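What follows is the content of input-v7.pdb, which has PDB, C-alpha atoms:
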MODEL        1
ATOM      1  CA  MET A1100      56.649 -63.580 -46.075
ATOM      2  CA  ARG A1101      56.032 -60.563 -48.267
ATOM      3  CA  TRP A1102      58.719 -57.885 -47.994
ATOM      4  CA  GLN A1103      60.147 -57.029 -51.414
ATOM      5  CA  GLY A1104      57.868 -54.000 -51.787
ATOM      6  CA  GLY A1105      58.570 -52.642 -48.335
ATOM      7  CA  ARG A1106      60.334 -49.335 -47.820
ATOM      8  CA  THR A1107      64.017 -49.253 -47.047
ATOM      9  CA  GLY A1108      65.602 -46.806 -44.642
ATOM     10  CA  GLY A1109      66.576 -48.997 -41.704
ATOM     11  CA  GLY A1110      69.835 -47.067 -41.336
ATOM     12  CA  VAL A1111      72.040 -50.078 -41.991
ATOM     13  CA  GLU A1112      75.808 -49.671 -41.759
ATOM     14  CA  ASP A1113      77.432 -52.295 -43.941
ATOM     15  CA  ARG A1114      80.886 -53.338 -42.717
ATOM     16  CA  ARG A1115      81.001 -56.542 -44.704
ATOM     17  CA  GLY A1116      84.239 -56.925 -46.603
ATOM     18  CA  LEU A1117      86.151 -54.719 -44.166
ATOM     19  CA  GLY A1118      87.772 -57.631 -42.340
ATOM     20  CA  GLY A1119      87.771 -57.377 -38.571
ATOM     21  CA  GLY A1120      89.619 -60.500 -37.543
ATOM     22  CA  ALA A1121      88.634 -64.090 -38.132
ATOM     23  CA  VAL A1122      87.435 -66.325 -35.374
ATOM     24  CA  ALA A1123      90.286 -68.231 -33.803
ATOM     25  CA  GLY A1124      90.800 -71.558 -35.516
ATOM     26  CA  GLY A1125      89.714 -70.275 -38.923
ATOM     27  CA  GLY A1126      86.053 -71.049 -39.244
ATOM     28  CA  ILE A1127      83.006 -72.077 -37.295
ATOM     29  CA  GLY A1128      83.550 -75.424 -35.628
ATOM     30  CA  VAL A1129      81.945 -77.536 -32.958
ATOM     31  CA  GLY A1130      83.223 -75.421 -30.089
ATOM     32  CA  VAL A1131      81.904 -72.233 -31.629
ATOM     33  CA  LEU A1132      78.569 -73.836 -32.375
ATOM     34  CA  ALA A1133      78.321 -74.613 -28.674
ATOM     35  CA  ILE A1134      78.856 -70.929 -27.998
ATOM     36  CA  ILE A1135      76.126 -70.095 -30.496
ATOM     37  CA  GLY A1136      73.834 -72.568 -28.770
ATOM     38  CA  TYR A1137      74.118 -70.948 -25.369
ATOM     39  CA  LEU A1138      74.515 -67.317 -26.339
ATOM     40  CA  VAL A1139      72.273 -67.001 -29.383
ATOM     41  CA  PHE A1140      69.999 -63.962 -29.233
ATOM     42  CA  GLY A1141      70.475 -61.184 -26.724
ATOM     43  CA  ILE A1142      74.000 -61.985 -25.707
ATOM     44  CA  ASP A1143      75.225 -60.173 -22.605
ATOM     45  CA  PRO A1144      77.767 -57.504 -23.590
ATOM     46  CA  SER A1145      80.191 -58.397 -20.784
ATOM     47  CA  THR A1146      80.255 -61.959 -22.093
ATOM     48  CA  THR A1147      80.979 -60.575 -25.553
ATOM     49  CA  THR A1148      84.097 -58.842 -24.282
ATOM     50  CA  GLN A1149      85.305 -61.829 -22.272
ATOM     51  CA  LEU A1150      84.793 -64.167 -25.209
ATOM     52  CA  ALA A1151      86.673 -61.860 -27.559
ATOM     53  CA  SER A1152      89.676 -61.894 -25.223
ATOM     54  CA  ARG A1153      89.718 -65.685 -25.139
ATOM     55  CA  LEU A1154      89.368 -65.943 -28.915
ATOM     56  CA  GLY A1155      92.283 -63.723 -29.637
ATOM     57  CA  GLY A1156      91.845 -60.093 -29.502
ATOM     58  CA  VAL A1157      90.270 -56.743 -29.606
ATOM     59  CA  GLY A1158      89.474 -54.751 -32.675
ATOM     60  CA  ALA A1159      89.274 -51.148 -33.610
ATOM     61  CA  GLU A1160      85.909 -49.693 -34.449
ATOM     62  CA  GLN A1161      85.218 -50.025 -38.147
ATOM     63  CA  GLN A1162      83.000 -47.870 -40.283
ATOM     64  CA  GLY A1163      81.181 -48.928 -43.401
ATOM     65  CA  GLU A1164      78.727 -47.214 -45.672
ATOM     66  CA  VAL A1165      75.404 -46.259 -44.121
ATOM     67  CA  GLY A1166      72.495 -46.751 -46.469
ATOM     68  CA  THR A1167      70.614 -49.467 -48.306
ATOM     69  CA  PRO A1168      72.744 -52.554 -49.037
ATOM     70  CA  GLN A1169      72.494 -53.665 -52.636
ATOM     71  CA  ASP A1170      72.434 -57.434 -52.170
ATOM     72  CA  GLN A1171      69.191 -59.208 -51.352
ATOM     73  CA  ALA A1172      70.199 -60.362 -47.862
ATOM     74  CA  GLY A1173      71.245 -56.850 -46.908
ATOM     75  CA  ARG A1174      68.121 -55.294 -48.372
ATOM     76  CA  PHE A1175      66.023 -57.785 -46.422
ATOM     77  CA  VAL A1176      67.567 -56.597 -43.162
ATOM     78  CA  ASP A1177      67.048 -52.975 -44.216
ATOM     79  CA  VAL A1178      63.373 -53.448 -45.100
ATOM     80  CA  ILE A1179      62.572 -55.509 -42.013
ATOM     81  CA  GLY A1180      64.440 -53.067 -39.773
ATOM     82  CA  ALA A1181      62.571 -50.101 -41.223
ATOM     83  CA  ASN A1182      59.264 -51.886 -40.696
ATOM     84  CA  ILE A1183      60.077 -52.819 -37.099
ATOM     85  CA  ASN A1184      60.961 -49.184 -36.447
ATOM     86  CA  ASP A1185      57.630 -48.083 -37.916
ATOM     87  CA  VAL A1186      55.761 -50.444 -35.597
ATOM     88  CA  TRP A1187      57.593 -49.301 -32.472
ATOM     89  CA  THR A1188      57.259 -45.638 -33.417
ATOM     90  CA  GLN A1189      53.508 -46.169 -33.139
ATOM     91  CA  ARG A1190      53.680 -48.347 -30.045
ATOM     92  CA  LEU A1191      56.261 -46.579 -27.865
ATOM     93  CA  ASP A1192      56.299 -42.852 -27.136
ATOM     94  CA  GLY A1193      59.674 -41.321 -27.839
ATOM     95  CA  TYR A1194      60.947 -44.357 -29.707
ATOM     96  CA  GLN A1195      64.356 -43.843 -31.312
ATOM     97  CA  PRO A1196      65.579 -46.490 -33.801
ATOM     98  CA  PRO A1197      68.731 -48.468 -33.067
ATOM     99  CA  LYS A1198      71.659 -48.590 -35.423
ATOM    100  CA  VAL A1199      72.077 -51.796 -37.407
ATOM    101  CA  VAL A1200      75.526 -53.068 -38.413
ATOM    102  CA  LEU A1201      76.193 -55.882 -40.876
ATOM    103  CA  TYR A1202      79.638 -57.440 -40.559
ATOM    104  CA  GLU A1203      81.676 -60.544 -41.254
ATOM    105  CA  SER A1204      83.778 -62.549 -38.775
ATOM    106  CA  GLY A1205      84.309 -59.773 -36.226
ATOM    107  CA  THR A1206      83.911 -56.074 -35.617
ATOM    108  CA  GLY A1207      84.401 -53.420 -32.977
ATOM    109  CA  THR A1208      81.347 -52.557 -30.895
ATOM    110  CA  GLY A1209      80.522 -50.366 -27.929
ATOM    111  CA  CYS A1210      80.537 -53.550 -25.844
ATOM    112  CA  GLY A1211      83.920 -54.871 -26.900
ATOM    113  CA  PHE A1212      84.937 -56.951 -29.891
ATOM    114  CA  GLY A1213      82.003 -58.754 -31.490
ATOM    115  CA  GLN A1214      82.451 -62.176 -33.112
ATOM    116  CA  SER A1215      80.202 -63.895 -35.619
ATOM    117  CA  ALA A1216      80.374 -66.970 -33.382
ATOM    118  CA  MET A1217      78.078 -65.221 -30.939
ATOM    119  CA  GLY A1218      75.231 -64.933 -33.384
ATOM    120  CA  PRO A1219      73.073 -61.792 -33.623
ATOM    121  CA  PHE A1220      73.374 -59.516 -30.606
ATOM    122  CA  TYR A1221      72.383 -56.102 -29.315
ATOM    123  CA  CYS A1222      74.818 -53.775 -27.574
ATOM    124  CA  PRO A1223      73.097 -51.293 -25.234
ATOM    125  CA  SER A1224      76.212 -49.130 -24.908
ATOM    126  CA  ASP A1225      76.018 -47.976 -28.521
ATOM    127  CA  ARG A1226      72.355 -48.974 -29.035
ATOM    128  CA  THR A1227      73.228 -51.090 -32.046
ATOM    129  CA  VAL A1228      72.059 -54.430 -33.436
ATOM    130  CA  TYR A1229      74.953 -56.466 -34.872
ATOM    131  CA  LEU A1230      74.320 -59.113 -37.516
ATOM    132  CA  ASP A1231      76.685 -61.447 -39.321
ATOM    133  CA  LEU A1232      74.373 -62.817 -41.988
ATOM    134  CA  GLY A1233      76.375 -66.028 -42.242
ATOM    135  CA  PHE A1234      74.633 -66.982 -39.025
ATOM    136  CA  TRP A1235      71.433 -67.714 -40.922
ATOM    137  CA  GLN A1236      72.964 -70.823 -42.484
ATOM    138  CA  GLU A1237      74.429 -71.995 -39.173
ATOM    139  CA  MET A1238      71.083 -71.491 -37.468
ATOM    140  CA  GLU A1239      69.333 -73.591 -40.077
ATOM    141  CA  THR A1240      71.850 -76.352 -40.747
ATOM    142  CA  GLN A1241      73.318 -76.747 -37.256
ATOM    143  CA  LEU A1242      70.490 -75.759 -34.924
ATOM    144  CA  GLY A1243      67.497 -77.033 -36.887
ATOM    145  CA  ALA A1244      65.803 -73.641 -37.271
ATOM    146  CA  SER A1245      63.634 -72.657 -40.210
ATOM    147  CA  GLY A1246      65.129 -71.039 -43.305
ATOM    148  CA  ALA A1247      61.975 -69.080 -44.087
ATOM    149  CA  ASP A1248      62.140 -65.300 -44.381
ATOM    150  CA  PHE A1249      59.889 -64.794 -41.384
ATOM    151  CA  ALA A1250      62.089 -67.008 -39.205
ATOM    152  CA  ARG A1251      65.007 -64.732 -40.039
ATOM    153  CA  ALA A1252      62.906 -61.638 -39.471
ATOM    154  CA  TYR A1253      61.956 -62.998 -36.042
ATOM    155  CA  VAL A1254      65.646 -63.049 -35.127
ATOM    156  CA  ILE A1255      66.010 -59.402 -36.165
ATOM    157  CA  ALA A1256      62.828 -58.367 -34.355
ATOM    158  CA  HIS A1257      64.019 -60.133 -31.187
ATOM    159  CA  GLU A1258      67.191 -58.012 -31.174
ATOM    160  CA  PHE A1259      65.153 -54.846 -31.749
ATOM    161  CA  GLY A1260      63.120 -56.012 -28.749
ATOM    162  CA  HIS A1261      66.244 -55.682 -26.618
ATOM    163  CA  HIS A1262      66.562 -52.119 -27.877
ATOM    164  CA  VAL A1263      63.008 -51.438 -26.728
ATOM    165  CA  GLN A1264      63.944 -52.857 -23.315
ATOM    166  CA  THR A1265      66.878 -50.442 -23.171
ATOM    167  CA  LEU A1266      64.642 -47.488 -24.032
ATOM    168  CA  THR A1267      62.035 -48.427 -21.425
ATOM    169  CA  GLY A1268      64.613 -49.066 -18.702
ATOM    170  CA  THR A1269      63.746 -52.746 -18.396
ATOM    171  CA  SER A1270      67.279 -53.883 -19.182
ATOM    172  CA  ASP A1271      68.761 -51.681 -16.453
ATOM    173  CA  GLN A1272      66.197 -52.933 -13.949
ATOM    174  CA  VAL A1273      67.097 -56.526 -14.781
ATOM    175  CA  ARG A1274      70.816 -55.883 -14.342
ATOM    176  CA  GLN A1275      70.157 -54.325 -10.949
ATOM    177  CA  ALA A1276      67.948 -57.247  -9.927
ATOM    178  CA  GLN A1277      70.624 -59.714 -11.008
ATOM    179  CA  GLN A1278      73.187 -57.932  -8.869
ATOM    180  CA  ARG A1279      70.916 -58.438  -5.858
ATOM    181  CA  ALA A1280      70.074 -62.037  -6.786
ATOM    182  CA  ARG A1281      70.977 -64.832  -4.406
ATOM    183  CA  GLY A1282      72.795 -67.246  -6.620
ATOM    184  CA  GLU A1283      73.129 -67.961 -10.322
ATOM    185  CA  ALA A1284      69.769 -69.697 -10.671
ATOM    186  CA  GLU A1285      67.868 -66.608  -9.472
ATOM    187  CA  ALA A1286      69.924 -64.319 -11.713
ATOM    188  CA  ASN A1287      69.224 -66.605 -14.671
ATOM    189  CA  ARG A1288      65.482 -66.334 -14.091
ATOM    190  CA  TYR A1289      65.718 -62.603 -14.753
ATOM    191  CA  SER A1290      67.665 -63.318 -17.947
ATOM    192  CA  VAL A1291      64.983 -65.751 -19.079
ATOM    193  CA  ALA A1292      62.225 -63.200 -18.472
ATOM    194  CA  LEU A1293      64.159 -60.578 -20.436
ATOM    195  CA  GLU A1294      64.700 -62.904 -23.392
ATOM    196  CA  LEU A1295      61.117 -64.141 -23.452
ATOM    197  CA  GLN A1296      59.884 -60.558 -23.444
ATOM    198  CA  ALA A1297      62.052 -59.886 -26.503
ATOM    199  CA  ASP A1298      60.426 -62.919 -28.150
ATOM    200  CA  CYS A1299      57.014 -61.493 -27.278
ATOM    201  CA  TYR A1300      57.999 -58.115 -28.707
ATOM    202  CA  ALA A1301      58.979 -59.891 -31.934
ATOM    203  CA  GLY A1302      55.453 -61.290 -32.058
ATOM    204  CA  VAL A1303      54.017 -57.805 -31.474
ATOM    205  CA  TRP A1304      55.960 -56.568 -34.473
ATOM    206  CA  ALA A1305      54.784 -59.465 -36.644
ATOM    207  CA  LYS A1306      51.140 -58.741 -35.814
ATOM    208  CA  ASN A1307      51.472 -55.065 -36.754
ATOM    209  CA  ALA A1308      53.875 -55.324 -39.695
ATOM    210  CA  ALA A1309      51.225 -55.220 -42.406
ATOM    211  CA  ALA A1310      49.238 -52.384 -40.848
ATOM    212  CA  VAL A1311      52.155 -49.929 -40.812
ATOM    213  CA  SER A1312      53.271 -50.816 -44.340
ATOM    214  CA  ASN A1313      49.896 -50.954 -46.106
ATOM    215  CA  GLY A1314      50.466 -54.669 -46.606
ATOM    216  CA  GLN A1315      53.843 -54.314 -48.307
ATOM    217  CA  VAL A1316      55.501 -56.171 -45.423
ATOM    218  CA  ALA A1317      53.259 -58.961 -44.202
ATOM    219  CA  LEU A1318      53.149 -62.525 -43.003
ATOM    220  CA  GLU A1319      51.742 -65.145 -45.334
ATOM    221  CA  ALA A1320      50.237 -68.562 -44.729
ATOM    222  CA  GLY A1321      52.566 -70.772 -42.718
ATOM    223  CA  ASP A1322      54.925 -67.995 -41.638
ATOM    224  CA  ILE A1323      54.068 -67.997 -37.947
ATOM    225  CA  GLU A1324      54.584 -71.768 -37.909
ATOM    226  CA  GLU A1325      58.087 -71.241 -39.340
ATOM    227  CA  GLY A1326      58.768 -68.737 -36.572
ATOM    228  CA  MET A1327      57.560 -71.255 -34.002
ATOM    229  CA  LYS A1328      59.888 -73.872 -35.504
ATOM    230  CA  THR A1329      62.818 -71.530 -34.960
ATOM    231  CA  ALA A1330      61.713 -70.630 -31.422
ATOM    232  CA  GLN A1331      61.470 -74.366 -30.714
ATOM    233  CA  ALA A1332      64.973 -74.988 -32.075
ATOM    234  CA  ILE A1333      66.661 -72.327 -29.963
ATOM    235  CA  GLY A1334      65.113 -73.069 -26.589
ATOM    236  CA  ASP A1335      67.680 -73.726 -23.877
ATOM    237  CA  ASP A1336      66.487 -77.302 -23.385
ATOM    238  CA  ALA A1337      66.775 -78.045 -27.103
ATOM    239  CA  LEU A1338      70.250 -76.529 -27.271
ATOM    240  CA  GLN A1339      71.471 -78.338 -24.174
ATOM    241  CA  GLY A1340      70.117 -81.606 -25.532
ATOM    242  CA  ARG A1341      71.772 -80.989 -28.905
ATOM    243  CA  ALA A1342      75.085 -80.368 -27.135
ATOM    244  CA  GLY A1343      74.781 -83.819 -25.549
ATOM    245  CA  GLY A1344      74.515 -82.675 -21.956
ATOM    246  CA  ALA A1345      71.807 -82.975 -19.360
ATOM    247  CA  VAL A1346      68.951 -80.492 -19.514
ATOM    248  CA  SER A1347      69.416 -78.122 -16.570
ATOM    249  CA  PRO A1348      66.499 -75.667 -16.115
ATOM    250  CA  GLU A1349      68.317 -73.711 -13.390
ATOM    251  CA  SER A1350      71.002 -72.814 -15.942
ATOM    252  CA  PHE A1351      68.534 -71.578 -18.581
ATOM    253  CA  THR A1352      69.172 -68.013 -19.735
ATOM    254  CA  HIS A1353      66.769 -67.705 -22.675
ATOM    255  CA  GLY A1354      63.885 -70.010 -21.811
ATOM    256  CA  SER A1355      62.754 -73.443 -22.854
ATOM    257  CA  SER A1356      61.489 -74.228 -26.340
ATOM    258  CA  ALA A1357      57.897 -74.262 -25.074
ATOM    259  CA  GLN A1358      58.325 -70.902 -23.365
ATOM    260  CA  ARG A1359      59.853 -69.253 -26.419
ATOM    261  CA  VAL A1360      57.052 -70.516 -28.640
ATOM    262  CA  GLU A1361      54.450 -69.422 -26.092
ATOM    263  CA  TRP A1362      55.694 -65.838 -25.778
ATOM    264  CA  LEU A1363      56.227 -65.373 -29.503
ATOM    265  CA  LEU A1364      52.610 -66.431 -29.959
ATOM    266  CA  ARG A1365      51.364 -64.213 -27.132
ATOM    267  CA  GLY A1366      52.878 -61.185 -28.775
ATOM    268  CA  TYR A1367      51.533 -62.166 -32.179
ATOM    269  CA  GLN A1368      48.034 -62.945 -30.988
ATOM    270  CA  SER A1369      47.683 -59.751 -28.964
ATOM    271  CA  GLY A1370      49.734 -57.314 -31.018
ATOM    272  CA  ASP A1371      50.106 -55.374 -27.774
ATOM    273  CA  PRO A1372      53.369 -54.824 -25.835
ATOM    274  CA  ALA A1373      51.327 -54.762 -22.621
ATOM    275  CA  ALA A1374      50.740 -58.491 -23.102
ATOM    276  CA  CYS A1375      54.496 -59.108 -22.797
ATOM    277  CA  ASP A1376      54.850 -58.983 -18.999
ATOM    278  CA  THR A1377      57.105 -61.982 -18.689
ATOM    279  CA  PHE A1378      58.311 -60.760 -15.292
ATOM    280  CA  GLY A1379      54.862 -60.897 -13.745
ATOM    281  CA  ALA A1380      53.994 -64.272 -15.263
ATOM    282  CA  SER A1381      54.239 -67.333 -13.063
TER     283      SER A1381
ENDMDL
END

Please render this file's structure as structure tokens.
Amino acid sequence: MRWQGGRTGGGVEDRRGLGGGAVAGGGIGVGVLAIIGYLVFGIDPSTTTQLASRLGGVGAEQQGEVGTPQDQAGRFVDVIGANINDVWTQRLDGYQPPKVVLYESGTGTGCGFGQSAMGPFYCPSDRTVYLDLGFWQEMETQLGASGADFARAYVIAHEFGHHVQTLTGTSDQVRQAQQRARGEAEANRYSVALELQADCYAGVWAKNAAAVSNGQVALEAGDIEEGMKTAQAIGDDALQGRAGGAVSPESFTHGSSAQRVEWLLRGYQSGDPAACDTFGAS
């Protein structure tokens, strides 16, 4: 993926190095990887708070420097975030960019105390994407995802997709529908549709990335396949199988591997958010 020449300006707040409380047990172990497996991407904020309580605490809001991080990993997030914002500014009337926070181990959020064990997540209360960049290695070595730049950008774009859903009111509609749902399985179906739409929105971004950046941010040969590899690795069925349990479709919250690949591709092939109606799809 080409990105080094892309503009910065993603409004990144860098809290790395500020502490924030280590995950209980001192490191990422098997139990935490199980949490990553089931909560990766689009974690529900209420679950974030509950998990933080079980893992040992709450944390005060921390503030870091807002600007362009100087290390390559931080600059990558900044460039990709700026490009995603440029795409959605063209595609969504009244679009307002989310905040983006980089942190290590744990940090205060508008949704409670965030832990790196939960992977990347979006908090609608403060309209912020939270990223602990150490997750990249866990995603690749423990979950079998791709280590390519586009695979990582797909993760970021998915979280920005949840921000779009907040702006359009989709997230609120889903929460209301889940409250009316008859049973966990029905409520989970709404969660799956929400997550697959965020995957589709990531594909929409990928299709339009080059056009809004005059080719400075663009996919290269093989990139979409690397994104598909990651989508395949983080499907609920793949994660449940990796955890050693039975595959239980009624408990899915993010969609199967095949579904995640399908909706990423739908967004990429169409380049149009209107093609991302996961709620109306059979």

Using all atoms listed in the file, I'd like a table of the residues in region 1161-1232 of chain A that come within 7 Å of region 1304-1317 of chain A; for each, show the closest atom pair and its distance in Å rounded to one decimal, ordered by chain and ascending number, as CSV.
residue,atom,partner,partner_atom,distance
A:Asn1182,CA,A:Ala1308,CA,6.5
A:Ile1183,CA,A:Trp1304,CA,6.2
A:Asp1185,CA,A:Val1311,CA,6.5
A:Val1186,CA,A:Trp1304,CA,6.2

All file atoms of region 1292-1296 of chain A boxed axis-aligned, 6 Å per side, centre plus edges, as JSON:
{"center_x": 62.3, "center_y": -62.3, "center_z": -21.0, "size_x": 16.8, "size_y": 15.6, "size_z": 17.0}

Correct to one decimal, the distance CA of Ala1374 (chain A)-CA of His1257 (chain A) is 15.6 Å

Could you name the residues that touch region 1333-1343 of chain A at 6 Å or less, counting all atoms listed in the file, but leaving out those on the same chain fewer than 5 positions away, as a compact mmCIF listing (two decimals) with C-alpha atoms, keeping the file's coordinate frame?
# COMPACT_ATOMS: atom_id res chain seq x y z
CA GLY A 1136 73.83 -72.57 -28.77
CA PHE A 1351 68.53 -71.58 -18.58
CA GLY A 1354 63.88 -70.01 -21.81
CA SER A 1355 62.75 -73.44 -22.85
CA SER A 1356 61.49 -74.23 -26.34

Env of Val1254 (chain A): 9 Å cut, atoms = only C-alpha atoms, seq-sep filter 2 positions within chain, self excluded. Answer as a count of residues only. 13

Which of A:Gly1379, A:Gly1104, A:Gly1209, A:Gly1321 sits closest to Ser1245 (chain A) [using all atoms listed in the file]:
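Ranking A:Gly1379, A:Gly1104, A:Gly1209, A:Gly1321 by distance to Ser1245 (chain A), first place goes to A:Gly1321.
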
- Apply the PyMOL selection byres ((chain A and resi 1234) around 9) to the displayed file and report the matching residues as a list of chain:residue names. A:Ser1215, A:Ala1216, A:Met1217, A:Gly1218, A:Pro1219, A:Leu1230, A:Asp1231, A:Leu1232, A:Gly1233, A:Trp1235, A:Gln1236, A:Glu1237, A:Met1238, A:Glu1239

- Query: Counting all atoms listed in the file, which of A:Ala1276, A:Leu1295, A:Ala1332, A:Leu1363 gets nearest to Gln1241 (chain A)?
  - Reply: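 Among the listed residues, A:Ala1332 lies closest to Gln1241 (chain A).
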